[in-house]
Amino acid sequence: MIFENTLEFAKHLDLQDPLHKYQDEFIFPKVQGKKVIYFTGNSLGLQPKRTKAYVDEVMNDWANLAVEGHFYSEKPWWDYHERFADPLSKIVGALPSEVTVMNTLTVNLHLLMVSFYQPTQTRYKIICEEKAFPSDQYMFQSQVDFHSQNLGIQLEDAIVEIKRRDGEHNIRLEDVLAKIEEVGDELALVLIGGVNYYTGQVFDMKTITAAGHKVGAYVGWDLAHAAGNIKLELHDWNADFAAWCSYKYMNSGPGNASGCFIHKKHHNNAALPRFAGWWGHNKERRFKMEQTFDPIQGADGWQISNLSILSLAPYLASVDMFDEIGMDALIQKRDAITSYLEFILHEIDKEVDSSFEIITPSNPTERASQLSVLLHGEGRSLFDYLMQNGVITDWREPNVIRLAPVPLYTSFEDIYQFGQILKAGIQS
Ligand SMILES: *Cc1c(COP(=O)(O)O)cnc(C)c1O
């Protein structure tokens with residue numbers, strides 16, 4: 001499509017956009033009385049208006065039914081999580097039995113590593129991406145530490161990072177595959193962020209998963225920036241496991257519950273260790289208080305505790321909205337709006353002295369909704385100017401802004417207006 005940097009053109013795109021109406025389903029903070037242009041949905045998604053009703057329902061059931069709410073509320077709490085199986089499995093490309101919701105992301109990745117990182121003296125290495133999200137780095141280090149005393153393995157040796165080449169911003173697929181092959185028999189686990197949080201690069205999860213399996217390793221994915229953002233086919237890609245948070249693209253509220261995927265092929269594998277709790281126990285017999293753990297066949301068998309229904313309620317509001325729209329429509333809009341943002345950045349770049357470098361891959365199959373932009377010759381004051389003028393972005397020192405237009409609530413007009421504010425900010 002030939003884009004134009006005009007208000008009329010942006011409005012015309014909004015008119016043709018079947019998802020445009022969803023913007024009105026979200027609550028926007030205001031700056032100077034005007035709703036903000038929100039580009040940080042990759043950090044914390046906006047609140048959907050419908051969410052409050054889902055939470056109120058739980059509050060009311062608790063008030064009116066107290067303990068009886070476990071079984072007799074409109075959405076009983078004892079199996080509340082089962083309402084996620086269908087819509088959530090569609091979002092991540094899984095079978096309904098392969099997904100569950102519980103805990104928070106890093107906690108779930110630790111629990112999944114209990115099952116899928118069982119190092120031996122000869123096979124103990126973990127492959128991850130260079131500059132992985134800090135929480136993931138701490139997790140890898142502490143997992144290796146946890147096993148190191150028994151095995152005599154060393155941190156430096158066990159964690160193998162895939163590096164960017166000099167002068168490049170993104171990791172090449174060929175380098176990932178070469179590293180997997182090189183580590184070979186010593187490789188226990190590949191665990192990478194499916195979408196890199198800093199650059200927005202999307203990894204070829206299907207190819208990497210197959211390569212990891214070929215050398216006998218497990219392959220898992222941190223999907224914090226991928227769930228609700230990209231097309232996932234976790235079952236068909238044959239991923240062993242994955243986990244994601246629900247507060248970024250999935251708009252379910254600060255620090256809210258995580259989702260997990262565990263491939264069907266592992267559901268009946270009694271040899272796979274796991275940390276158990278009563279919520280993962282055979283559902284029909286959970287309240288019989290038996291002594292022997294009999295796990296639910298499926299991802300639900302990895303649950304540990306009584307679930308936090310007050311945090312699942314906003315998550316359910318979110319998956320219901322995604323289910324209404326479908327990932328295909330969402331992705332179509334995402335690609336259009338990201339391309340429009342890319343176009344506007346290039347247009348503004350031509351009109352001002354500074355120069356922008358988009359470090360996110362330009363190939364649409366390697367990126368999703370986020371563009372990370374290096375602003376040569378600009379600093380923190382530009383970020384402050386944007387904030388004061390109602391554009392919420394994410395700033396990374398020394399001069400990168402991350403912009404995530406979210407197909408559910410960013411309009412083409414927002415993108416046009418952002419361009420005008422950016423230009424004024426650079427010229428001011
Ligand atoms: C946001 C994010 C996290 C956050 O983990 P929490 O346990 O939810 O705090 C972890 N990993 C990645 C890659 C992230 O982007």
# chains A, B, ... in the order shown; residues from 1 in each chain; ligands from 1
$ residues_near_ligand --ligand "ligand 1" --cutoff "6 Å" --atoms "only C-alpha atoms and all ligand atoms" --output "list in words"
Thr104, Leu105, Thr106, Phe133, Ser135, Asp136, Gly193, Tyr197, Asp222, Ala224, His225 and Cys245 of chain A
$ residues_around --residues "Ile91 of chain A" --least-positions-apart "6" --cutoff "9 Å" --atoms "only C-alpha atoms" --output "JSON, numbers by chain"
{"A": [227, 228, 230, 231, 232, 233, 319, 322, 323, 326, 327]}
$ select_by_dssp --residues "segment 202-335 of chain A" --states "strand (DSSP E or B)" --output "list in words"
Val202, Tyr218, Val219, Gly220, Trp221, Asp222, Phe241, Ala242, Ala243, Trp244, Cys245, Ser258, Gly259, Cys260, Phe261, Ile262, His281 and Pro295 of chain A
$ write_last_selection --atoms "all heavy atoms" --output "CSV table (one decimal), in the first residue's frame"
chain,number,residue,atom,x,y,z
A,202,VAL,N,11.6,-11.1,16.0
A,202,VAL,CA,10.9,-12.3,16.2
A,202,VAL,C,11.8,-13.5,15.7
A,202,VAL,O,12.3,-13.5,14.6
A,202,VAL,CB,9.6,-12.3,15.4
A,202,VAL,CG1,8.8,-13.7,15.5
A,202,VAL,CG2,8.7,-11.2,15.8
A,218,TYR,N,16.0,-30.2,25.1
A,218,TYR,CA,14.6,-29.6,25.2
A,218,TYR,C,14.6,-28.2,24.7
A,218,TYR,O,15.7,-27.5,24.8
A,218,TYR,CB,14.1,-29.7,26.6
A,218,TYR,CG,13.7,-31.0,27.2
A,218,TYR,CD1,14.3,-31.5,28.3
A,218,TYR,CD2,12.7,-31.8,26.5
A,218,TYR,CE1,13.9,-32.8,28.8
A,218,TYR,CE2,12.3,-33.0,27.0
A,218,TYR,CZ,12.9,-33.5,28.1
A,218,TYR,OH,12.5,-34.7,28.6
A,219,VAL,N,13.5,-27.7,24.2
A,219,VAL,CA,13.4,-26.4,23.7
A,219,VAL,C,12.1,-25.7,24.3
A,219,VAL,O,11.0,-26.2,24.1
A,219,VAL,CB,13.4,-26.3,22.2
A,219,VAL,CG1,13.4,-24.9,21.7
A,219,VAL,CG2,14.6,-27.0,21.6
A,220,GLY,N,12.4,-24.6,25.0
A,220,GLY,CA,11.3,-23.9,25.6
A,220,GLY,C,11.3,-22.4,25.2
A,220,GLY,O,12.4,-21.9,24.7
A,221,TRP,N,10.2,-21.7,25.3
A,221,TRP,CA,10.2,-20.3,24.9
A,221,TRP,C,9.6,-19.4,25.9
A,221,TRP,O,8.6,-19.7,26.5
A,221,TRP,CB,9.3,-20.2,23.6
A,221,TRP,CG,10.0,-20.9,22.5
A,221,TRP,CD1,9.7,-22.2,22.1
A,221,TRP,CD2,11.0,-20.5,21.6
A,221,TRP,NE1,10.5,-22.6,21.0
A,221,TRP,CE2,11.4,-21.5,20.7
A,221,TRP,CE3,11.7,-19.3,21.5
A,221,TRP,CZ2,12.4,-21.4,19.8
A,221,TRP,CZ3,12.7,-19.1,20.6
A,221,TRP,CH2,13.0,-20.2,19.7
A,222,ASP,N,10.3,-18.2,26.1
A,222,ASP,CA,9.7,-17.2,27.0
A,222,ASP,C,8.9,-16.3,26.0
A,222,ASP,O,9.5,-15.6,25.2
A,222,ASP,CB,10.8,-16.4,27.7
A,222,ASP,CG,10.3,-15.2,28.5
A,222,ASP,OD1,9.2,-14.8,28.3
A,222,ASP,OD2,11.0,-14.8,29.4
A,241,PHE,N,7.9,-26.6,25.9
A,241,PHE,CA,7.2,-25.8,26.9
A,241,PHE,C,7.3,-24.3,26.5
A,241,PHE,O,8.2,-23.9,25.8
A,241,PHE,CB,7.7,-26.1,28.3
A,241,PHE,CG,9.1,-25.6,28.6
A,241,PHE,CD1,9.3,-24.3,29.2
A,241,PHE,CD2,10.2,-26.4,28.3
A,241,PHE,CE1,10.5,-23.9,29.4
A,241,PHE,CE2,11.5,-25.9,28.5
A,241,PHE,CZ,11.6,-24.6,29.1
A,242,ALA,N,6.5,-23.5,27.1
A,242,ALA,CA,6.6,-22.1,27.0
A,242,ALA,C,5.8,-21.4,28.1
A,242,ALA,O,5.0,-22.1,28.8
A,242,ALA,CB,5.9,-21.6,25.6
A,243,ALA,N,6.1,-20.2,28.4
A,243,ALA,CA,5.4,-19.4,29.4
A,243,ALA,C,5.3,-18.0,29.0
A,243,ALA,O,6.2,-17.5,28.2
A,243,ALA,CB,5.9,-19.6,30.8
A,244,TRP,N,4.4,-17.2,29.4
A,244,TRP,CA,4.2,-15.8,29.1
A,244,TRP,C,3.5,-15.1,30.2
A,244,TRP,O,2.9,-15.7,31.0
A,244,TRP,CB,3.4,-15.7,27.8
A,244,TRP,CG,2.1,-16.4,27.8
A,244,TRP,CD1,0.9,-15.8,28.2
A,244,TRP,CD2,1.8,-17.7,27.5
A,244,TRP,NE1,-0.1,-16.8,28.1
A,244,TRP,CE2,0.4,-18.0,27.7
A,244,TRP,CE3,2.6,-18.8,27.0
A,244,TRP,CZ2,-0.2,-19.2,27.4
A,244,TRP,CZ3,2.0,-20.1,26.8
A,244,TRP,CH2,0.6,-20.2,27.0
A,245,CYS,N,3.6,-13.8,30.2
A,245,CYS,CA,2.9,-13.0,31.2
A,245,CYS,C,1.6,-12.5,30.5
A,245,CYS,O,1.5,-12.5,29.3
A,245,CYS,CB,3.7,-11.9,31.8
A,245,CYS,SG,4.5,-10.8,30.5
A,258,SER,N,0.4,-15.6,34.8
A,258,SER,CA,1.1,-16.1,33.6
A,258,SER,C,0.3,-17.2,33.0
A,258,SER,O,-0.6,-17.8,33.6
A,258,SER,CB,2.5,-16.5,34.1
A,258,SER,OG,3.1,-17.4,33.2
A,259,GLY,N,0.7,-17.5,31.8
A,259,GLY,CA,0.2,-18.7,31.1
A,259,GLY,C,1.3,-19.6,30.8
A,259,GLY,O,2.5,-19.2,30.6
A,260,CYS,N,1.0,-20.9,30.7
A,260,CYS,CA,2.0,-21.9,30.4
A,260,CYS,C,1.5,-22.9,29.3
A,260,CYS,O,0.4,-23.2,29.2
A,260,CYS,CB,2.3,-22.9,31.6
A,260,CYS,SG,2.9,-22.2,33.0
A,261,PHE,N,2.5,-23.3,28.5
A,261,PHE,CA,2.2,-24.4,27.5
A,261,PHE,C,3.1,-25.6,27.9
A,261,PHE,O,4.3,-25.4,28.1
A,261,PHE,CB,2.5,-23.8,26.1
A,261,PHE,CG,2.7,-24.9,25.1
A,261,PHE,CD1,1.6,-25.4,24.4
A,261,PHE,CD2,3.9,-25.4,24.8
A,261,PHE,CE1,1.7,-26.4,23.4
A,261,PHE,CE2,4.1,-26.4,23.8
A,261,PHE,CZ,3.0,-26.9,23.1
A,262,ILE,N,2.6,-26.7,27.9
A,262,ILE,CA,3.4,-28.0,28.0
A,262,ILE,C,2.9,-28.9,26.9
A,262,ILE,O,1.7,-29.3,26.9
A,262,ILE,CB,3.3,-28.6,29.4
A,262,ILE,CG1,3.9,-27.6,30.4
A,262,ILE,CG2,4.1,-29.9,29.5
A,262,ILE,CD1,3.2,-27.6,31.7
A,281,HIS,N,-3.5,-32.0,41.3
A,281,HIS,CA,-4.0,-33.3,41.5
A,281,HIS,C,-5.3,-33.6,40.8
A,281,HIS,O,-6.1,-32.7,40.7
A,281,HIS,CB,-4.2,-33.5,43.1
A,281,HIS,CG,-4.5,-34.8,43.5
A,281,HIS,ND1,-3.6,-35.8,43.6
A,281,HIS,CD2,-5.7,-35.4,44.0
A,281,HIS,CE1,-4.1,-36.9,44.1
A,281,HIS,NE2,-5.4,-36.7,44.3
A,295,PRO,N,-1.4,-36.6,39.2
A,295,PRO,CA,-1.5,-35.4,38.4
A,295,PRO,C,-2.6,-35.4,37.4
A,295,PRO,O,-2.9,-36.5,36.8
A,295,PRO,CB,-0.1,-35.2,37.7
A,295,PRO,CG,0.5,-36.6,37.7
A,295,PRO,CD,-0.1,-37.3,38.9
$ closest_residue --among "A:Asn5, A:Ser97, A:Ser73, A:Ser308" --to "Asp61 of chain A" --atoms "only C-alpha atoms"
A:Ser73
$ residues_around --residues "Ala211 of chain A" --least-positions-apart "3" --cutoff "8 Å" --atoms "only C-alpha atoms" --output "list of chain:residue names"
A:Leu177, A:Ile180, A:Glu181, A:Thr207, A:Ile208, A:Lys214, A:Val215
